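Asker: Input structure25.txt, format and content: compact mmCIF, C-alpha atoms and all ligand atoms.
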```txt
# COMPACT_ATOMS: atom_id res chain seq x y z
CA MET A 176 24.98 -7.39 29.99
CA ALA A 177 25.67 -9.34 26.84
CA GLY A 178 24.53 -12.92 26.76
CA ASN A 179 28.11 -13.93 26.88
CA ALA A 180 29.07 -17.49 27.64
CA ALA A 181 31.32 -16.02 30.28
CA HIS A 182 28.29 -15.45 32.44
CA ARG A 183 27.56 -19.10 32.62
CA PHE A 184 30.70 -19.60 34.64
CA ARG A 185 30.15 -21.81 37.58
CA ARG A 186 31.61 -20.34 40.70
CA THR A 187 34.18 -22.61 42.16
CA ALA A 188 34.47 -22.82 45.90
CA LEU A 189 36.75 -20.06 47.04
CA THR A 190 35.71 -20.11 50.66
CA GLY A 191 38.06 -18.11 52.78
CA ALA A 192 40.10 -17.05 49.84
CA VAL A 193 40.70 -13.49 48.94
CA LEU A 194 39.10 -12.94 45.61
CA ALA A 195 39.75 -9.77 43.72
CA THR A 196 38.43 -9.40 40.23
CA VAL A 197 39.42 -6.45 38.14
CA LEU A 198 38.48 -6.23 34.53
CA GLY A 199 41.13 -5.17 32.08
CA GLY A 200 44.75 -4.56 32.85
CA GLY A 201 45.34 -6.30 36.09
CA ALA A 202 44.25 -7.21 39.54
CA ILE A 203 45.52 -5.96 42.84
CA LEU A 204 45.28 -8.17 45.86
CA ALA A 205 44.79 -6.41 49.13
CA ALA A 206 46.62 -8.64 51.53
CA CYS A 207 43.75 -8.79 53.98
CA GLY A 208 43.52 -12.56 54.12
CA THR A 209 46.63 -13.01 56.17
CA GLY A 210 45.08 -12.08 59.50
CA GLY A 211 47.56 -9.39 60.38
CA GLN A 212 51.15 -9.62 61.44
CA SER A 213 51.78 -12.80 63.32
CA GLY A 214 55.48 -12.36 63.59
CA PRO A 215 58.35 -13.25 61.32
CA ASP A 216 58.48 -16.74 59.93
CA GLY A 217 61.86 -16.87 58.32
CA ALA A 218 63.44 -15.23 55.34
CA GLY A 219 61.16 -13.12 53.21
CA SER A 220 58.75 -12.82 56.09
CA GLY A 221 55.73 -10.59 56.11
CA PRO A 222 52.67 -10.96 53.97
CA ALA A 223 53.07 -11.17 50.24
CA ARG A 224 51.59 -8.26 48.32
CA LEU A 225 50.67 -9.60 44.94
CA SER A 226 49.35 -8.08 41.76
CA VAL A 227 48.89 -9.60 38.33
CA ALA A 228 49.85 -7.74 35.18
CA ASP A 229 50.40 -8.29 31.47
CA SER A 230 48.21 -11.35 31.23
CA TYR A 231 47.33 -12.71 27.80
CA ILE A 232 46.51 -15.84 25.87
CA PRO A 233 47.73 -16.04 22.27
CA LEU A 234 44.81 -17.22 20.14
CA PRO A 235 45.52 -20.92 19.70
CA PRO A 236 45.35 -22.62 16.33
CA ALA A 237 42.23 -24.79 16.13
CA GLY A 238 42.56 -27.64 18.53
CA GLY A 239 41.79 -26.01 21.80
CA MET A 240 45.13 -26.14 23.58
CA ALA A 241 46.40 -22.71 24.47
CA ALA A 242 49.25 -21.17 26.38
CA GLY A 243 48.77 -18.39 28.90
CA TYR A 244 51.22 -15.79 30.13
CA LEU A 245 51.19 -13.27 32.95
CA THR A 246 53.36 -11.60 35.53
CA VAL A 247 52.78 -11.86 39.28
CA ARG A 248 54.42 -8.93 41.00
CA ASN A 249 55.19 -9.08 44.68
CA ASP A 250 55.86 -6.07 46.90
CA GLY A 251 55.93 -8.18 50.05
CA GLY A 252 57.15 -11.48 51.43
CA GLN A 253 57.68 -14.72 49.55
CA ASP A 254 54.70 -16.74 48.31
CA GLN A 255 54.03 -19.65 46.01
CA LEU A 256 51.62 -20.19 43.16
CA VAL A 257 50.19 -23.63 43.88
CA LYS A 258 47.17 -23.98 41.60
CA VAL A 259 45.52 -22.41 38.59
CA THR A 260 41.96 -23.19 37.55
CA SER A 261 39.41 -21.66 35.22
CA PRO A 262 35.63 -21.84 35.21
CA GLY A 263 35.89 -21.75 31.40
CA ALA A 264 38.35 -24.60 30.86
CA GLU A 265 38.73 -28.16 32.07
CA SER A 266 42.39 -28.01 32.90
CA VAL A 267 45.03 -25.38 33.53
CA THR A 268 48.52 -26.59 34.30
CA MET A 269 51.81 -24.86 35.02
CA HIS A 270 54.67 -25.75 32.71
CA ARG A 271 58.32 -24.92 32.53
CA SER A 272 60.13 -25.09 29.23
CA THR A 273 63.47 -26.79 29.06
CA PRO A 274 65.82 -26.50 26.08
CA SER A 275 64.39 -29.68 24.56
CA SER A 276 60.84 -29.98 25.89
CA MET A 277 58.68 -28.89 28.77
CA GLU A 278 57.66 -30.27 32.09
CA GLN A 279 54.68 -29.80 34.33
CA VAL A 280 55.35 -28.29 37.75
CA ASP A 281 53.21 -28.37 40.90
CA SER A 282 54.12 -24.95 42.18
CA LEU A 283 56.07 -21.86 41.26
CA ASN A 284 57.94 -19.56 43.60
CA VAL A 285 56.94 -15.92 43.88
CA PRO A 286 60.06 -14.29 45.32
CA ALA A 287 59.84 -11.61 47.99
CA HIS A 288 59.94 -8.15 46.45
CA GLY A 289 60.25 -9.65 43.02
CA ALA A 290 58.09 -11.21 40.34
CA LEU A 291 57.05 -14.53 38.93
CA GLN A 292 57.20 -14.04 35.22
CA PHE A 293 55.58 -16.23 32.61
CA ALA A 294 56.96 -15.72 29.13
CA ARG A 295 57.26 -17.38 25.77
CA GLY A 296 59.96 -19.99 25.85
CA GLY A 297 59.85 -20.08 29.64
CA THR A 298 57.27 -20.71 32.28
CA HIS A 299 53.77 -20.84 30.87
CA LEU A 300 50.26 -22.01 31.56
CA MET A 301 48.67 -24.71 29.47
CA ILE A 302 44.93 -24.33 29.06
CA MET A 303 42.91 -27.26 27.77
CA GLY A 304 39.30 -28.24 27.41
CA TRP A 305 37.76 -24.86 26.65
CA GLN A 306 34.00 -24.77 27.16
CA LYS A 307 33.76 -22.50 24.16
CA ALA A 308 36.39 -22.18 21.45
CA PRO A 309 38.39 -19.03 22.19
CA ALA A 310 38.14 -16.10 19.81
CA LEU A 311 40.04 -12.85 19.56
CA GLY A 312 38.79 -10.41 22.18
CA ASP A 313 37.42 -13.07 24.51
CA GLU A 314 38.44 -13.12 28.11
CA LEU A 315 39.08 -16.22 30.16
CA GLU A 316 38.89 -16.11 33.91
CA LEU A 317 41.90 -17.65 35.62
CA ASP A 318 41.85 -18.28 39.34
CA LEU A 319 45.38 -18.24 40.71
CA THR A 320 45.74 -19.84 44.12
CA PHE A 321 48.73 -18.90 46.26
CA ALA A 322 49.99 -20.73 49.33
CA LYS A 323 49.69 -17.71 51.58
CA SER A 324 47.63 -15.12 49.77
CA GLY A 325 44.60 -17.12 48.77
CA THR A 326 43.11 -16.82 45.30
CA ILE A 327 43.43 -14.00 42.82
CA SER A 328 41.02 -14.06 39.93
CA VAL A 329 41.96 -12.36 36.68
CA LYS A 330 40.28 -11.97 33.31
CA VAL A 331 42.85 -12.82 30.70
CA PRO A 332 42.32 -11.47 27.20
CA VAL A 333 42.74 -13.61 24.09
CA LYS A 334 45.18 -11.83 21.78
CA GLU A 335 46.61 -12.41 18.31
CA LEU A 336 49.00 -15.33 18.08
CA THR A 337 51.95 -12.96 17.69
CA TYR A 338 50.99 -10.59 20.50
CA ARG A 339 53.62 -9.50 22.98
CA PRO A 340 52.92 -7.18 25.92
CA SER A 341 54.70 -3.85 25.76
CA GLN A 342 57.27 -3.36 28.43
CA SER A 343 56.23 -0.66 30.84
CU CU A 401 53.50 -26.51 28.12
```
Can you give me the file's structure in the form of structure tokens?
Ligand SMILES: [Cu+2]

Answerer:
Amino acid sequence: MAGNAAHRFRRTALTGAVLATVLGGGAILAACGTGGQSGPDGAGSGPARLSVADSYIPLPPAGGMAAGYLTVRNDGGQDQLVKVTSPGAESVTMHRSTPSSMEQVDSLNVPAHGALQFARGGTHLMIMGWQKAPALGDELELDLTFAKSGTISVKVPVKELTYRPSQS
């Protein structure tokens, strides 16, 4: 293993959460944290089945504030992204862009059989207080906590400022 700063990550408490870490392209969450079918609970019932794809962080200009983008796909019932943290950064917040500015939001809906999509000019993550200045090729761990599905941990690559994921 390389003596990468990434290995100094302090493990945050994820007790009881479902943690799936997959290097590279994306992470699949096996919905095993929901304790089985406990009956319908309204529209979009049934456990969410989440996976994270197309995650990236455009290399920020010096200054340390970066945006992050990803897509949360859902093949199951409705869920909500309620928190994002990183062992490699002091603060990760969820923002929504408006035509004139942007606002911080406390949670984001993950529709049943749909996707929560972060994209330039739209919903994005704001990452501040990096432990180590990001460089091209680095990966930052993001821990995405969902209301029903627990926490999904993904390694998000730092890409060129102009990078856009290919549609697939
Ligand atoms: Cu923002």

Asker: Show me the residues around (54.3, -12.6, 46.6) - criterion: an atom at most 10 Å away, all atoms listed in the file counted - as an mmCIF file with C-alpha atoms, keeping the file's coordinate frame.

Answerer:
```
data_model
loop_
_atom_site.group_PDB
_atom_site.id
_atom_site.type_symbol
_atom_site.label_atom_id
_atom_site.label_comp_id
_atom_site.auth_asym_id
_atom_site.auth_seq_id
_atom_site.Cartn_x
_atom_site.Cartn_y
_atom_site.Cartn_z
ATOM 1 C CA ALA A 206 46.620 -8.640 51.530
ATOM 2 C CA GLY A 219 61.160 -13.120 53.210
ATOM 3 C CA GLY A 221 55.730 -10.590 56.110
ATOM 4 C CA PRO A 222 52.670 -10.960 53.970
ATOM 5 C CA ALA A 223 53.070 -11.170 50.240
ATOM 6 C CA ARG A 224 51.590 -8.260 48.320
ATOM 7 C CA LEU A 225 50.670 -9.600 44.940
ATOM 8 C CA SER A 226 49.350 -8.080 41.760
ATOM 9 C CA VAL A 247 52.780 -11.860 39.280
ATOM 10 C CA ARG A 248 54.420 -8.930 41.000
ATOM 11 C CA ASN A 249 55.190 -9.080 44.680
ATOM 12 C CA ASP A 250 55.860 -6.070 46.900
ATOM 13 C CA GLY A 251 55.930 -8.180 50.050
ATOM 14 C CA GLY A 252 57.150 -11.480 51.430
ATOM 15 C CA GLN A 253 57.680 -14.720 49.550
ATOM 16 C CA ASP A 254 54.700 -16.740 48.310
ATOM 17 C CA GLN A 255 54.030 -19.650 46.010
ATOM 18 C CA LEU A 256 51.620 -20.190 43.160
ATOM 19 C CA ASN A 284 57.940 -19.560 43.600
ATOM 20 C CA VAL A 285 56.940 -15.920 43.880
ATOM 21 C CA PRO A 286 60.060 -14.290 45.320
ATOM 22 C CA ALA A 287 59.840 -11.610 47.990
ATOM 23 C CA HIS A 288 59.940 -8.150 46.450
ATOM 24 C CA GLY A 289 60.250 -9.650 43.020
ATOM 25 C CA ALA A 290 58.090 -11.210 40.340
ATOM 26 C CA LEU A 291 57.050 -14.530 38.930
ATOM 27 C CA PHE A 321 48.730 -18.900 46.260
ATOM 28 C CA ALA A 322 49.990 -20.730 49.330
ATOM 29 C CA LYS A 323 49.690 -17.710 51.580
ATOM 30 C CA SER A 324 47.630 -15.120 49.770
#
```

Asker: Any chance you could tabulate, as JSON lines, the residues of chain A at most 8 Å from ligand CU 401 (chain A) with each one's nearest atom pair and distance in Å to one decimal, using only C-alpha atoms and all ligand atoms, in chain and rising number order?

Answerer:
```
{"residue": "A:Ala242", "atom": "CA", "partner": "A:CU401", "partner_atom": "CU", "distance": 7.0}
{"residue": "A:Thr268", "atom": "CA", "partner": "A:CU401", "partner_atom": "CU", "distance": 7.9}
{"residue": "A:Met269", "atom": "CA", "partner": "A:CU401", "partner_atom": "CU", "distance": 7.3}
{"residue": "A:His270", "atom": "CA", "partner": "A:CU401", "partner_atom": "CU", "distance": 4.8}
{"residue": "A:Arg271", "atom": "CA", "partner": "A:CU401", "partner_atom": "CU", "distance": 6.7}
{"residue": "A:Ser272", "atom": "CA", "partner": "A:CU401", "partner_atom": "CU", "distance": 6.9}
{"residue": "A:Met277", "atom": "CA", "partner": "A:CU401", "partner_atom": "CU", "distance": 5.7}
{"residue": "A:Glu278", "atom": "CA", "partner": "A:CU401", "partner_atom": "CU", "distance": 6.9}
{"residue": "A:Gln279", "atom": "CA", "partner": "A:CU401", "partner_atom": "CU", "distance": 7.1}
{"residue": "A:His299", "atom": "CA", "partner": "A:CU401", "partner_atom": "CU", "distance": 6.3}
{"residue": "A:Leu300", "atom": "CA", "partner": "A:CU401", "partner_atom": "CU", "distance": 6.5}
{"residue": "A:Met301", "atom": "CA", "partner": "A:CU401", "partner_atom": "CU", "distance": 5.3}
```

Asker: Please determine the residues with any atom at most 12 Å from (40.9, -23.9, 23.8) (coordinates as given in the file, with only C-alpha atoms counting) and report them as a PyMOL selection string.

Answerer: chain A and resi 232-243+261+263-267+301-311+313-315+333

Asker: Work out how far atom CA of A:Leu319 is from atom CA of A:Thr260, in Å to one decimal.

Answerer: 6.8 Å

Asker: Padding of 6 Å on every side, edges along x, y and z, all listed atoms of stretch 308-327 of chain A included: what centre and edge lengths in Å, to one decimal, does that box have, as lines of an AutoDock Vina configuration file?

Answerer:
```
center_x = 43.2
center_y = -16.3
center_z = 35.6
size_x = 25.6
size_y = 23.8
size_z = 44.0
```

Asker: Given all atoms listed in the file as the basis, pick out the residue of A:Pro262, A:Pro340, A:Gly297, A:Gly312 nearest to A:Asp229.

Answerer: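 Closest residue, counting all atoms listed in the file: A:Pro340.
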
Asker: Select, from A:Val329, A:Ala228, A:Val257, A:Val280, the residue with the minimum atom-to-atom distance to A:Ser341, counting all atoms listed in the file.

Answerer: A:Ala228
